Amino acid sequence: MNQTSEFFAYVHQGGDSLSVNRYKTLIDHLPVMIFSLDSAGCLAEVNAFFLKKLGYKEEEVLGKPITEFISGGYKDLFLTQCLAKLQEQDEIVPLELQLTTKAGIWIDGSLTGSRITDGAMGGNILFFSILDVTEQRRTVKEIEQMAYHDDLTGLPNRLLFRDRLQMSMSQAQRLNQNVAILFIDIDRFKLINDSYGHQVGDKLLAYMAYQLMKHIRKGDTVSRFSGDKFMMSVPFMANEEDCYLIGNRILDFMKSPFMVEDHEFQMTASIGISLFPRDGQDVDSLIKCADLAMSRAKQNAGNRFEVYTPAMNEQILKKMNLDRDMRKALEREEYVLFYQPQVMLPEGRVYGAEGLIRWRSPERGLVPPMEFIPLAEETGMIVQLGYWVLRDACRQTRVWLDQGMSPITISVNISPRQFAQTDFVQRVSQILEETKCEPKYICLEITESTMINDFESSIKIIKDLIDLGLTMSIDDFGTGYSSLSLLYRLPIHSVKIDRSFVQQMSQSQDSSIVNAIIAMCHRLNLKVVAEGVETIEQYDLLIQDGCDSVQGYYIGRPMPAPDFEKFMLNFKAVEPTSK
Ligand code: C2E
Ligand code: MG
Ligand code: MG
């Protein structure tokens with residue numbers, strides 16, 4: 001029996017009136033709500049704190065059922081877990097419930113109750129005390145929110161997601177159902193973040209979170225996993241086809257444009273989906289499968305979803321093997337540079353060559369760059385490989401000059417990741433010095449995508465490279481993002497028209513695009529190189545259009561250095577057919 005009920009027992013058993021008054025004052029001043037109920041569950045006595053907390057006068061509450069003051073969902077709990085139990089036992093364990101004040105505000109309370117036998121009346125009296133734990137609960141909720149939710153979006157974080165997924169999986173197992181796990185990654189988010197700033201990026205993420213929340217059903221969980229990656233768990237999936245519906249629904253709602261700080265955005269996402277129990281038995285494997293499927297969606301240009309298949313694992317394994325072999329190839333010196341001649345128009349004299357990497361693998365044969373450069377880009381190995389290429393091109397240039405070959409300019413491809421290295425200019429300068437190669441014989445080819453992230457600092461780097469004495473060129477022009485208007489701000493020397501335009505030109509006999517690029521570049525004092533020239537017709541058309549130089553199979557294929565030396569010895573100027 002607790003002290004409050006001891007007191008009530010004392011009062012009810014007829015303690016002397018002075019003591020009773022003293023105790024009553026004491027009870028009224030206690031910061032706890034105290035009350036007793038009659039046999040019908042109506043309020044018989046209340047202390048002053050009870051009235052103060054709930055905002056009623058004594059006459060408004062006495063004789064009323066206590067359930068009138070208990071919030072909706074807790075009424076039953078009180079009747080079954082408290083009143084019913086006190087019929088059989090003297091005390092109950094503390095019960096969490098909620099009361100509603102006269103003003104309609106909820107109070108979280110921790111209730112204890114006791115039953116005492118009324119000596120005078122012979123019946124049972126029920127006494128209760130309620131501690132106000134509203135503040136305490138709010139603090140706990142805040143701490144939970146911080147520990148289990150993401151600050152920026154308010155969504156459940158990784159921890160809570162895993163927990164909820166685990167629960168959905170257990171439930172699905174019992175009910176013989178599936179749970180879909182979706183890995184959602186916003187396409188090109190880094191680009192938006194870098195171009196518009198983190199503030200806009202953060203708003204986009206919050207908007208994305210809001211949209212995802214709006215489109216989920218009860219029981220689904222959406223969580224921000226990291227950066228621009230969101231996870232969703234969707235229980236009660238009948239089969240794989242159900243996943244298609246969700247995937248499509250997300251892609252659909254993302255399509256609608258929206259405004260953030262005066263900029264209009266239209267986002268797309270890459271989504272990977274795995275299914276429990278088909279694809280894995282534990283949370284980690286399921287997330288991994290969804291992640292793999294997401295990478296596949298990304299590789300396929302994004303704005304799509306992919307459902308995990310075991311074949312995806314095999315491909316990852318293949319990639320891992322390729323990466324391992326590529327690293328070994330560097331140690332074993334299996335990479336070689338091929339050289340493809342470039343001729344000046346209209347006279348057809350060789351003035352340069354583009355250095356193009358090949359991998360002479362004992363196991364795989366001669367591997368073309370498109371089979372390993374993309375992976376090297378992805379893993380970052382391109383940085384190391386790129387410096388190897390530059391060093392080898394500089395070394396070869398020096399050797400050819402020393403052998404007395406007429407001087408030519410060697411073009412070297414620079415990957416965006418290499419260009420983004422903070423010490424790039426310094427490393428280039430070092431390589432030139434080490435190989436004793438004069439910078440004027442080296443041209444660096446960068447693509448439009450190299451500059452998209454930070455145009456201003458790209459300009460600065462290009463200027464520094466030109467200050468070293470190098471020539472700069474834009475490769476694959478017309479395939480990337482940069483608009484023509486950006487060209488005039490770039491301190492470059494030449495532009496290489498992508499070979500797709502050259503092909504188009506001869507197929508349709510329409511050279512208007514090539515024509516326009518050449519005219520515009522000339523107005524900006526830029527030289528134009530056409531790449532992928534395969535036929536005499538293309539060659540002739542390019543001369544007519546005033547193109548400065550060409551590169552392509554029509555002149556010569558990329559070839560190893562010794563073959564290139566022979567090519568140079570035997571080369572006679574290419575004559576156009578048109579007179
Ligand atoms: P790219 O820099 O645009 O190089 C031109 C590509 O077009 C070369 O392919 C070349 O062989 C091919 N090509 C040249 N003339 C013709 C033609 O008349 N017809 C056709 N159909 N193709 C022609 P390759 O050597 O396979 O290189 C492909 C791409 O790989 C290069 O495109 C470049 O982006 C990348 N790459 C090659 N070597 C390196 C390198 O050392 N570093 C980096 N970062 N990338 C490289
Ligand atoms: Mg190139
Ligand atoms: Mg190119």
# chains A, B, ... in the order shown; residues from 1 in each chain; ligands from 1
call {"tool": "residues_near_ligand", "arguments": {"ligand": "ligand 2", "cutoff": "6 Å", "atoms": "only C-alpha atoms and all ligand atoms", "output": "ChimeraX atom specification"}}
result
/A:413,445,475
call {"tool": "write_last_selection", "arguments": {"atoms": "all heavy atoms", "output": "CSV table (one decimal), in the first residue's frame"}}
result
chain,number,residue,atom,x,y,z
A,413,ASN,N,44.1,12.6,-74.3
A,413,ASN,CA,42.8,12.7,-73.7
A,413,ASN,C,42.9,12.8,-72.2
A,413,ASN,O,43.6,12.0,-71.5
A,413,ASN,CB,41.9,11.5,-74.0
A,413,ASN,CG,41.6,11.4,-75.5
A,413,ASN,OD1,40.8,12.2,-76.0
A,413,ASN,ND2,42.3,10.6,-76.2
A,445,GLU,N,43.2,17.2,-74.6
A,445,GLU,CA,41.8,17.2,-75.1
A,445,GLU,C,40.9,17.0,-73.8
A,445,GLU,O,41.1,16.0,-73.1
A,445,GLU,CB,41.5,16.0,-76.0
A,445,GLU,CG,42.2,16.2,-77.4
A,445,GLU,CD,41.8,15.1,-78.3
A,445,GLU,OE1,41.0,14.2,-78.0
A,445,GLU,OE2,42.3,15.1,-79.5
A,475,ASP,N,37.1,18.1,-76.9
A,475,ASP,CA,36.9,16.8,-77.6
A,475,ASP,C,35.4,16.5,-77.7
A,475,ASP,O,34.6,17.0,-76.9
A,475,ASP,CB,37.6,15.7,-76.9
A,475,ASP,CG,37.8,14.5,-77.7
A,475,ASP,OD1,37.4,14.5,-78.9
A,475,ASP,OD2,38.4,13.5,-77.2
call {"tool": "select_by_dssp", "arguments": {"residues": "region 98-331 of chain A", "states": "strand (DSSP E or B)", "output": "mmCIF file with N, CA, C and O atoms, in the first residue's frame"}}
result
data_model
loop_
_atom_site.group_PDB
_atom_site.id
_atom_site.type_symbol
_atom_site.label_atom_id
_atom_site.label_comp_id
_atom_site.auth_asym_id
_atom_site.auth_seq_id
_atom_site.Cartn_x
_atom_site.Cartn_y
_atom_site.Cartn_z
ATOM 1 N N GLN A 98 -3.444 9.008 -21.150
ATOM 2 C CA GLN A 98 -3.503 10.417 -21.536
ATOM 3 C C GLN A 98 -4.823 11.010 -21.052
ATOM 4 O O GLN A 98 -5.870 10.370 -21.170
ATOM 5 N N LEU A 99 -4.773 12.227 -20.450
ATOM 6 C CA LEU A 99 -5.989 12.909 -20.010
ATOM 7 C C LEU A 99 -6.223 14.090 -20.930
ATOM 8 O O LEU A 99 -5.293 14.567 -21.606
ATOM 9 N N THR A 100 -7.473 14.564 -20.964
ATOM 10 C CA THR A 100 -7.756 15.755 -21.765
ATOM 11 C C THR A 100 -8.238 16.863 -20.835
ATOM 12 O O THR A 100 -9.152 16.649 -20.029
ATOM 13 N N TRP A 106 -3.937 17.710 -24.358
ATOM 14 C CA TRP A 106 -3.617 16.377 -23.835
ATOM 15 C C TRP A 106 -2.510 16.446 -22.799
ATOM 16 O O TRP A 106 -1.527 17.176 -22.978
ATOM 17 N N ILE A 107 -2.685 15.645 -21.750
ATOM 18 C CA ILE A 107 -1.634 15.530 -20.737
ATOM 19 C C ILE A 107 -1.228 14.066 -20.670
ATOM 20 O O ILE A 107 -2.089 13.189 -20.544
ATOM 21 N N ASP A 108 0.072 13.816 -20.791
ATOM 22 C CA ASP A 108 0.554 12.438 -20.635
ATOM 23 C C ASP A 108 0.713 12.169 -19.153
ATOM 24 O O ASP A 108 1.332 12.962 -18.433
ATOM 25 N N GLY A 109 0.180 11.054 -18.692
ATOM 26 C CA GLY A 109 0.269 10.763 -17.261
ATOM 27 C C GLY A 109 0.738 9.351 -16.995
ATOM 28 O O GLY A 109 0.584 8.457 -17.829
ATOM 29 N N SER A 110 1.323 9.178 -15.804
ATOM 30 C CA SER A 110 1.690 7.838 -15.349
ATOM 31 C C SER A 110 0.822 7.561 -14.130
ATOM 32 O O SER A 110 0.946 8.231 -13.102
ATOM 33 N N LEU A 111 -0.098 6.593 -14.248
ATOM 34 C CA LEU A 111 -1.111 6.372 -13.217
ATOM 35 C C LEU A 111 -0.777 5.170 -12.325
ATOM 36 O O LEU A 111 -0.344 4.128 -12.822
ATOM 37 N N THR A 112 -0.933 5.379 -11.010
ATOM 38 C CA THR A 112 -0.877 4.229 -10.102
ATOM 39 C C THR A 112 -2.199 4.178 -9.350
ATOM 40 O O THR A 112 -2.842 5.219 -9.132
ATOM 41 N N GLY A 113 -2.618 3.019 -8.984
ATOM 42 C CA GLY A 113 -3.906 2.882 -8.297
ATOM 43 C C GLY A 113 -3.832 1.839 -7.196
ATOM 44 O O GLY A 113 -3.046 0.890 -7.279
ATOM 45 N N SER A 114 -4.631 2.025 -6.133
ATOM 46 C CA SER A 114 -4.671 1.041 -5.042
ATOM 47 C C SER A 114 -6.106 0.855 -4.575
ATOM 48 O O SER A 114 -6.935 1.749 -4.731
ATOM 49 N N ARG A 115 -6.290 -0.283 -4.023
ATOM 50 C CA ARG A 115 -7.624 -0.586 -3.471
ATOM 51 C C ARG A 115 -7.471 -0.731 -1.954
ATOM 52 O O ARG A 115 -6.575 -1.453 -1.491
ATOM 53 N N ILE A 116 -8.308 -0.006 -1.206
ATOM 54 C CA ILE A 116 -8.257 -0.203 0.238
ATOM 55 C C ILE A 116 -9.663 -0.528 0.742
ATOM 56 O O ILE A 116 -10.656 -0.186 0.088
ATOM 57 N N THR A 117 -9.670 -1.173 1.828
ATOM 58 C CA THR A 117 -10.974 -1.540 2.398
ATOM 59 C C THR A 117 -11.398 -0.441 3.365
ATOM 60 O O THR A 117 -10.619 -0.020 4.222
ATOM 61 N N ASN A 124 -14.934 -1.470 -0.689
ATOM 62 C CA ASN A 124 -13.617 -1.111 -1.226
ATOM 63 C C ASN A 124 -13.615 0.307 -1.766
ATOM 64 O O ASN A 124 -14.608 0.757 -2.355
ATOM 65 N N ILE A 125 -12.505 1.034 -1.553
ATOM 66 C CA ILE A 125 -12.358 2.358 -2.156
ATOM 67 C C ILE A 125 -11.124 2.308 -3.049
ATOM 68 O O ILE A 125 -10.108 1.698 -2.675
ATOM 69 N N LEU A 126 -11.254 2.959 -4.235
ATOM 70 C CA LEU A 126 -10.121 2.956 -5.168
ATOM 71 C C LEU A 126 -9.477 4.339 -5.182
ATOM 72 O O LEU A 126 -10.154 5.340 -5.385
ATOM 73 N N PHE A 127 -8.158 4.358 -4.928
ATOM 74 C CA PHE A 127 -7.413 5.613 -4.932
ATOM 75 C C PHE A 127 -6.391 5.614 -6.061
ATOM 76 O O PHE A 127 -5.782 4.581 -6.338
ATOM 77 N N PHE A 128 -6.225 6.802 -6.635
ATOM 78 C CA PHE A 128 -5.302 6.884 -7.770
ATOM 79 C C PHE A 128 -4.432 8.128 -7.664
ATOM 80 O O PHE A 128 -4.861 9.139 -7.104
ATOM 81 N N SER A 129 -3.250 8.023 -8.214
ATOM 82 C CA SER A 129 -2.442 9.236 -8.372
ATOM 83 C C SER A 129 -1.879 9.225 -9.791
ATOM 84 O O SER A 129 -1.549 8.163 -10.334
ATOM 85 N N ILE A 130 -1.861 10.412 -10.389
ATOM 86 C CA ILE A 130 -1.322 10.520 -11.764
ATOM 87 C C ILE A 130 -0.203 11.553 -11.774
ATOM 88 O O ILE A 130 -0.404 12.706 -11.379
ATOM 89 N N LEU A 131 0.938 11.118 -12.254
ATOM 90 C CA LEU A 131 2.085 12.014 -12.370
ATOM 91 C C LEU A 131 2.079 12.581 -13.792
ATOM 92 O O LEU A 131 1.924 11.823 -14.753
ATOM 93 N N ASP A 132 2.228 13.904 -13.926
ATOM 94 C CA ASP A 132 2.254 14.509 -15.260
ATOM 95 C C ASP A 132 3.630 14.251 -15.890
ATOM 96 O O ASP A 132 4.639 14.769 -15.407
ATOM 97 N N HIS A 149 15.916 9.738 -36.739
ATOM 98 C CA HIS A 149 15.442 10.469 -37.907
ATOM 99 C C HIS A 149 16.530 11.345 -38.489
ATOM 100 O O HIS A 149 17.470 11.719 -37.821
ATOM 101 N N PRO A 156 12.690 8.785 -41.255
ATOM 102 C CA PRO A 156 13.459 7.802 -40.498
ATOM 103 C C PRO A 156 14.858 7.654 -41.096
ATOM 104 O O PRO A 156 15.023 7.765 -42.315
ATOM 105 N N ASN A 178 5.400 -10.948 -49.486
ATOM 106 C CA ASN A 178 6.693 -10.372 -49.886
ATOM 107 C C ASN A 178 6.827 -8.941 -49.385
ATOM 108 O O ASN A 178 5.826 -8.258 -49.189
ATOM 109 N N VAL A 179 8.067 -8.522 -49.213
ATOM 110 C CA VAL A 179 8.325 -7.109 -48.928
ATOM 111 C C VAL A 179 9.254 -6.602 -50.028
ATOM 112 O O VAL A 179 10.254 -7.260 -50.342
ATOM 113 N N ALA A 180 8.918 -5.452 -50.616
ATOM 114 C CA ALA A 180 9.807 -4.870 -51.628
ATOM 115 C C ALA A 180 10.712 -3.851 -50.954
ATOM 116 O O ALA A 180 10.275 -3.117 -50.056
ATOM 117 N N ILE A 181 11.972 -3.847 -51.359
ATOM 118 C CA ILE A 181 12.927 -2.863 -50.841
ATOM 119 C C ILE A 181 13.359 -2.011 -52.030
ATOM 120 O O ILE A 181 13.857 -2.535 -53.024
ATOM 121 N N LEU A 182 13.142 -0.700 -51.935
ATOM 122 C CA LEU A 182 13.487 0.183 -53.058
ATOM 123 C C LEU A 182 14.656 1.080 -52.676
ATOM 124 O O LEU A 182 14.645 1.706 -51.613
ATOM 125 N N PHE A 183 15.653 1.124 -53.523
ATOM 126 C CA PHE A 183 16.803 2.005 -53.336
ATOM 127 C C PHE A 183 16.654 3.108 -54.374
ATOM 128 O O PHE A 183 16.663 2.837 -55.562
ATOM 129 N N ILE A 184 16.466 4.330 -53.918
ATOM 130 C CA ILE A 184 16.166 5.437 -54.843
ATOM 131 C C ILE A 184 17.297 6.459 -54.812
ATOM 132 O O ILE A 184 17.641 6.964 -53.748
ATOM 133 N N ASP A 185 17.866 6.720 -55.956
ATOM 134 C CA ASP A 185 18.979 7.674 -56.024
ATOM 135 C C ASP A 185 18.640 8.734 -57.075
ATOM 136 O O ASP A 185 18.333 8.402 -58.215
ATOM 137 N N ILE A 186 18.679 9.998 -56.662
ATOM 138 C CA ILE A 186 18.337 11.074 -57.599
ATOM 139 C C ILE A 186 19.425 11.178 -58.665
ATOM 140 O O ILE A 186 20.613 11.129 -58.342
ATOM 141 N N THR A 221 7.595 2.275 -45.307
ATOM 142 C CA THR A 221 8.541 3.174 -44.638
ATOM 143 C C THR A 221 9.427 3.803 -45.691
ATOM 144 O O THR A 221 9.945 3.103 -46.565
ATOM 145 N N VAL A 222 9.577 5.113 -45.608
ATOM 146 C CA VAL A 222 10.528 5.767 -46.502
ATOM 147 C C VAL A 222 11.584 6.419 -45.631
ATOM 148 O O VAL A 222 11.289 6.972 -44.573
ATOM 149 N N SER A 223 12.828 6.279 -46.043
ATOM 150 C CA SER A 223 13.918 6.747 -45.190
ATOM 151 C C SER A 223 14.983 7.421 -46.042
ATOM 152 O O SER A 223 15.141 7.081 -47.215
ATOM 153 N N ARG A 224 15.683 8.402 -45.458
ATOM 154 C CA ARG A 224 16.828 8.973 -46.191
ATOM 155 C C ARG A 224 18.047 8.213 -45.724
ATOM 156 O O ARG A 224 18.358 8.173 -44.536
ATOM 157 N N PHE A 225 18.702 7.587 -46.666
ATOM 158 C CA PHE A 225 19.800 6.696 -46.304
ATOM 159 C C PHE A 225 21.105 7.460 -46.159
ATOM 160 O O PHE A 225 21.830 7.305 -45.205
ATOM 161 N N SER A 226 21.385 8.272 -47.158
ATOM 162 C CA SER A 226 22.564 9.152 -47.116
ATOM 163 C C SER A 226 22.469 10.056 -48.329
ATOM 164 O O SER A 226 21.855 9.671 -49.312
ATOM 165 N N LYS A 229 20.310 9.566 -51.426
ATOM 166 C CA LYS A 229 19.824 8.189 -51.513
ATOM 167 C C LYS A 229 18.689 7.959 -50.524
ATOM 168 O O LYS A 229 18.841 8.231 -49.335
ATOM 169 N N PHE A 230 17.573 7.467 -51.033
ATOM 170 C CA PHE A 230 16.420 7.156 -50.189
ATOM 171 C C PHE A 230 16.131 5.656 -50.263
ATOM 172 O O PHE A 230 16.435 5.021 -51.270
ATOM 173 N N MET A 231 15.560 5.134 -49.162
ATOM 174 C CA MET A 231 15.179 3.720 -49.162
ATOM 175 C C MET A 231 13.707 3.638 -48.842
ATOM 176 O O MET A 231 13.185 4.457 -48.074
ATOM 177 N N MET A 232 13.052 2.633 -49.399
ATOM 178 C CA MET A 232 11.644 2.430 -49.075
ATOM 179 C C MET A 232 11.420 0.957 -48.822
ATOM 180 O O MET A 232 12.005 0.119 -49.516
ATOM 181 N N SER A 233 10.615 0.643 -47.828
ATOM 182 C CA SER A 233 10.210 -0.759 -47.689
ATOM 183 C C SER A 233 8.702 -0.800 -47.847
ATOM 184 O O SER A 233 7.982 0.028 -47.287
ATOM 185 N N VAL A 234 8.260 -1.726 -48.685
ATOM 186 C CA VAL A 234 6.840 -1.813 -49.011
ATOM 187 C C VAL A 234 6.349 -3.236 -48.727
ATOM 188 O O VAL A 234 6.657 -4.153 -49.486
ATOM 189 N N PRO A 235 5.609 -3.421 -47.640
ATOM 190 C CA PRO A 235 5.129 -4.766 -47.341
ATOM 191 C C PRO A 235 3.885 -5.134 -48.169
ATOM 192 O O PRO A 235 3.412 -4.300 -48.952
ATOM 193 N N PHE A 236 3.414 -6.316 -47.993
ATOM 194 C CA PHE A 236 2.201 -6.837 -48.659
ATOM 195 C C PHE A 236 2.308 -6.834 -50.179
ATOM 196 O O PHE A 236 1.370 -6.502 -50.876
ATOM 197 N N MET A 237 3.469 -7.172 -50.709
ATOM 198 C CA MET A 237 3.620 -7.266 -52.161
ATOM 199 C C MET A 237 3.227 -8.680 -52.575
ATOM 200 O O MET A 237 3.699 -9.657 -51.993
ATOM 201 N N PHE A 258 9.006 21.566 -60.555
ATOM 202 C CA PHE A 258 8.703 22.361 -59.364
ATOM 203 C C PHE A 258 9.769 23.435 -59.198
ATOM 204 O O PHE A 258 10.839 23.365 -59.794
ATOM 205 N N MET A 259 9.429 24.446 -58.375
ATOM 206 C CA MET A 259 10.322 25.592 -58.246
ATOM 207 C C MET A 259 11.064 25.553 -56.916
ATOM 208 O O MET A 259 10.472 25.247 -55.879
ATOM 209 N N VAL A 260 12.332 25.866 -56.932
ATOM 210 C CA VAL A 260 13.086 26.094 -55.700
ATOM 211 C C VAL A 260 13.904 27.359 -55.928
ATOM 212 O O VAL A 260 14.719 27.414 -56.866
ATOM 213 N N HIS A 263 14.284 28.769 -59.383
ATOM 214 C CA HIS A 263 14.775 27.881 -60.434
ATOM 215 C C HIS A 263 13.754 26.771 -60.626
ATOM 216 O O HIS A 263 13.245 26.241 -59.641
ATOM 217 N N GLU A 264 13.518 26.435 -61.892
ATOM 218 C CA GLU A 264 12.596 25.313 -62.112
ATOM 219 C C GLU A 264 13.397 24.024 -62.237
ATOM 220 O O GLU A 264 14.414 23.989 -62.931
ATOM 221 N N PHE A 265 12.965 23.004 -61.535
ATOM 222 C CA PHE A 265 13.659 21.719 -61.588
ATOM 223 C C PHE A 265 12.706 20.620 -62.023
ATOM 224 O O PHE A 265 11.524 20.667 -61.729
ATOM 225 N N ALA A 269 15.043 9.867 -61.204
ATOM 226 C CA ALA A 269 15.762 9.031 -60.240
ATOM 227 C C ALA A 269 16.081 7.685 -60.859
ATOM 228 O O ALA A 269 15.474 7.275 -61.855
ATOM 229 N N SER A 270 17.067 7.022 -60.270
ATOM 230 C CA SER A 270 17.356 5.633 -60.614
ATOM 231 C C SER A 270 16.912 4.799 -59.428
ATOM 232 O O SER A 270 17.269 5.111 -58.294
ATOM 233 N N ILE A 271 16.125 3.778 -59.706
ATOM 234 C CA ILE A 271 15.556 2.982 -58.612
ATOM 235 C C ILE A 271 15.935 1.518 -58.767
ATOM 236 O O ILE A 271 15.826 0.953 -59.863
ATOM 237 N N GLY A 272 16.407 0.932 -57.683
ATOM 238 C CA GLY A 272 16.707 -0.506 -57.671
ATOM 239 C C GLY A 272 15.757 -1.189 -56.706
ATOM 240 O O GLY A 272 15.483 -0.660 -55.633
ATOM 241 N N ILE A 273 15.232 -2.348 -57.097
ATOM 242 C CA ILE A 273 14.239 -3.015 -56.248
ATOM 243 C C ILE A 273 14.661 -4.451 -55.949
ATOM 244 O O ILE A 273 15.065 -5.186 -56.857
ATOM 245 N N SER A 274 14.615 -4.830 -54.671
ATOM 246 C CA SER A 274 14.813 -6.243 -54.324
ATOM 247 C C SER A 274 13.580 -6.711 -53.563
ATOM 248 O O SER A 274 12.794 -5.889 -53.079
ATOM 249 N N LEU A 275 13.424 -8.012 -53.477
ATOM 250 C CA LEU A 275 12.193 -8.569 -52.919
ATOM 251 C C LEU A 275 12.524 -9.600 -51.840
ATOM 252 O O LEU A 275 13.337 -10.506 -52.071
ATOM 253 N N PHE A 276 11.909 -9.411 -50.674
ATOM 254 C CA PHE A 276 12.030 -10.413 -49.608
ATOM 255 C C PHE A 276 10.853 -11.382 -49.745
ATOM 256 O O PHE A 276 9.724 -10.918 -49.976
ATOM 257 N N ARG A 304 14.772 5.405 -64.479
ATOM 258 C CA ARG A 304 14.178 4.087 -64.669
ATOM 259 C C ARG A 304 14.356 3.264 -63.403
ATOM 260 O O ARG A 304 15.100 3.650 -62.509
ATOM 261 N N PHE A 305 13.634 2.144 -63.343
ATOM 262 C CA PHE A 305 13.883 1.240 -62.225
ATOM 263 C C PHE A 305 14.308 -0.118 -62.758
ATOM 264 O O PHE A 305 14.013 -0.464 -63.900
ATOM 265 N N GLU A 306 15.058 -0.828 -61.944
ATOM 266 C CA GLU A 306 15.473 -2.178 -62.305
ATOM 267 C C GLU A 306 15.170 -3.065 -61.120
ATOM 268 O O GLU A 306 15.407 -2.684 -59.971
ATOM 269 N N VAL A 307 14.645 -4.265 -61.402
ATOM 270 C CA VAL A 307 14.412 -5.227 -60.334
ATOM 271 C C VAL A 307 15.622 -6.160 -60.297
ATOM 272 O O VAL A 307 16.130 -6.575 -61.343
#
call {"tool": "residues_near_ligand", "arguments": {"ligand": "ligand 3", "cutoff": "7 Å", "atoms": "only C-alpha atoms and all ligand atoms", "output": "JSON, numbers by chain"}}
result
{"A": [475, 476, 496, 498, 499, 531]}
call {"tool": "write_last_selection", "arguments": {"atoms": "N, CA, C and O atoms", "output": "compact mmCIF listing (two decimals), in the first residue's frame"}}
result
# COMPACT_ATOMS: atom_id res chain seq x y z
N ASP A 475 37.10 18.06 -76.91
CA ASP A 475 36.87 16.81 -77.64
C ASP A 475 35.37 16.53 -77.73
O ASP A 475 34.59 17.01 -76.91
N ASP A 476 34.99 15.73 -78.72
CA ASP A 476 33.60 15.27 -78.88
C ASP A 476 32.62 16.43 -78.83
O ASP A 476 31.53 16.32 -78.24
N LYS A 496 37.12 19.78 -81.43
CA LYS A 496 37.01 18.58 -82.26
C LYS A 496 35.54 18.24 -82.43
O LYS A 496 34.85 17.93 -81.45
N ASP A 498 32.49 16.08 -82.98
CA ASP A 498 32.28 14.67 -82.73
C ASP A 498 32.00 13.91 -84.04
O ASP A 498 31.37 14.44 -84.95
N ARG A 499 32.44 12.64 -84.06
CA ARG A 499 32.34 11.92 -85.33
C ARG A 499 30.89 11.62 -85.73
O ARG A 499 30.62 11.37 -86.90
N GLU A 531 36.65 14.71 -86.46
CA GLU A 531 37.15 13.36 -86.20
C GLU A 531 36.20 12.33 -86.80
O GLU A 531 35.05 12.61 -87.10
call {"tool": "closest_residue", "arguments": {"among": "A:Leu159, A:Cys437, A:Ile357, A:Val350", "to": "Glu144 (chain A)", "atoms": "only C-alpha atoms"}}
result
A:Leu159
call {"tool": "residues_near_ligand", "arguments": {"ligand": "ligand 1", "cutoff": "7 Å", "atoms": "only C-alpha atoms and all ligand atoms", "output": "MDAnalysis selection string"}}
result
chainID A and resid 355:357 368:370 373 382 386 389 412:415 475:476 531:534 551:554 557:558
call {"tool": "write_last_selection", "arguments": {"atoms": "C-alpha atoms", "output": "PDB file, in the first residue's frame"}}
result
ATOM      1  CA  GLY A 355      47.502   9.233 -78.561  1.00  0.00           C
ATOM      2  CA  LEU A 356      44.887   6.547 -77.816  1.00  0.00           C
ATOM      3  CA  ILE A 357      45.399   3.980 -75.113  1.00  0.00           C
ATOM      4  CA  PRO A 368      39.983  -1.152 -76.761  1.00  0.00           C
ATOM      5  CA  PRO A 369      39.633   1.800 -74.349  1.00  0.00           C
ATOM      6  CA  MET A 370      35.842   1.774 -74.315  1.00  0.00           C
ATOM      7  CA  ILE A 373      38.156   3.476 -69.498  1.00  0.00           C
ATOM      8  CA  ILE A 382      41.775   6.822 -64.562  1.00  0.00           C
ATOM      9  CA  GLY A 386      45.916   9.269 -67.344  1.00  0.00           C
ATOM     10  CA  VAL A 389      49.398   8.158 -70.872  1.00  0.00           C
ATOM     11  CA  VAL A 412      46.266  13.397 -75.135  1.00  0.00           C
ATOM     12  CA  ASN A 413      42.791  12.731 -73.693  1.00  0.00           C
ATOM     13  CA  ILE A 414      42.265  14.003 -70.161  1.00  0.00           C
ATOM     14  CA  SER A 415      39.452  12.499 -68.130  1.00  0.00           C
ATOM     15  CA  ASP A 475      36.869  16.807 -77.642  1.00  0.00           C
ATOM     16  CA  ASP A 476      33.600  15.267 -78.881  1.00  0.00           C
ATOM     17  CA  GLU A 531      37.147  13.356 -86.199  1.00  0.00           C
ATOM     18  CA  GLY A 532      35.939  10.051 -87.594  1.00  0.00           C
ATOM     19  CA  VAL A 533      36.509  10.938 -91.237  1.00  0.00           C
ATOM     20  CA  GLU A 534      36.186   7.630 -93.061  1.00  0.00           C
ATOM     21  CA  GLN A 551      41.445  12.725 -88.218  1.00  0.00           C
ATOM     22  CA  GLY A 552      39.948   9.387 -89.180  1.00  0.00           C
ATOM     23  CA  TYR A 553      40.322   5.995 -90.799  1.00  0.00           C
ATOM     24  CA  TYR A 554      40.413   7.681 -94.201  1.00  0.00           C
ATOM     25  CA  ARG A 557      43.844   4.121 -88.074  1.00  0.00           C
ATOM     26  CA  PRO A 558      45.345   4.411 -84.597  1.00  0.00           C
TER      27      PRO A 558
END
call {"tool": "residues_around", "arguments": {"residues": "Lys288 (chain A)", "least_positions_apart": "4", "cutoff": "10 Å", "atoms": "only C-alpha atoms", "output": "ChimeraX atom specification"}}
result
/A:183,272,274,279-280,283-284,292-294,308
call {"tool": "residues_around", "arguments": {"residues": "Ile555 (chain A)", "least_positions_apart": "4", "cutoff": "10 Å", "atoms": "only C-alpha atoms", "output": "list in words"}}
result
Gln340, Pro341, Gln342, Val343, Gly348, Val350, Gly532, Val533, Glu534, Thr535, Ile536, Tyr539, Val550, Gln551, Phe571, Ala573 and Val574 of chain A
call {"tool": "atom_distance", "arguments": {"atom1": "CA of Gln426 (chain A)", "atom2": "CA of Glu333 (chain A)"}}
result
24.5 Å
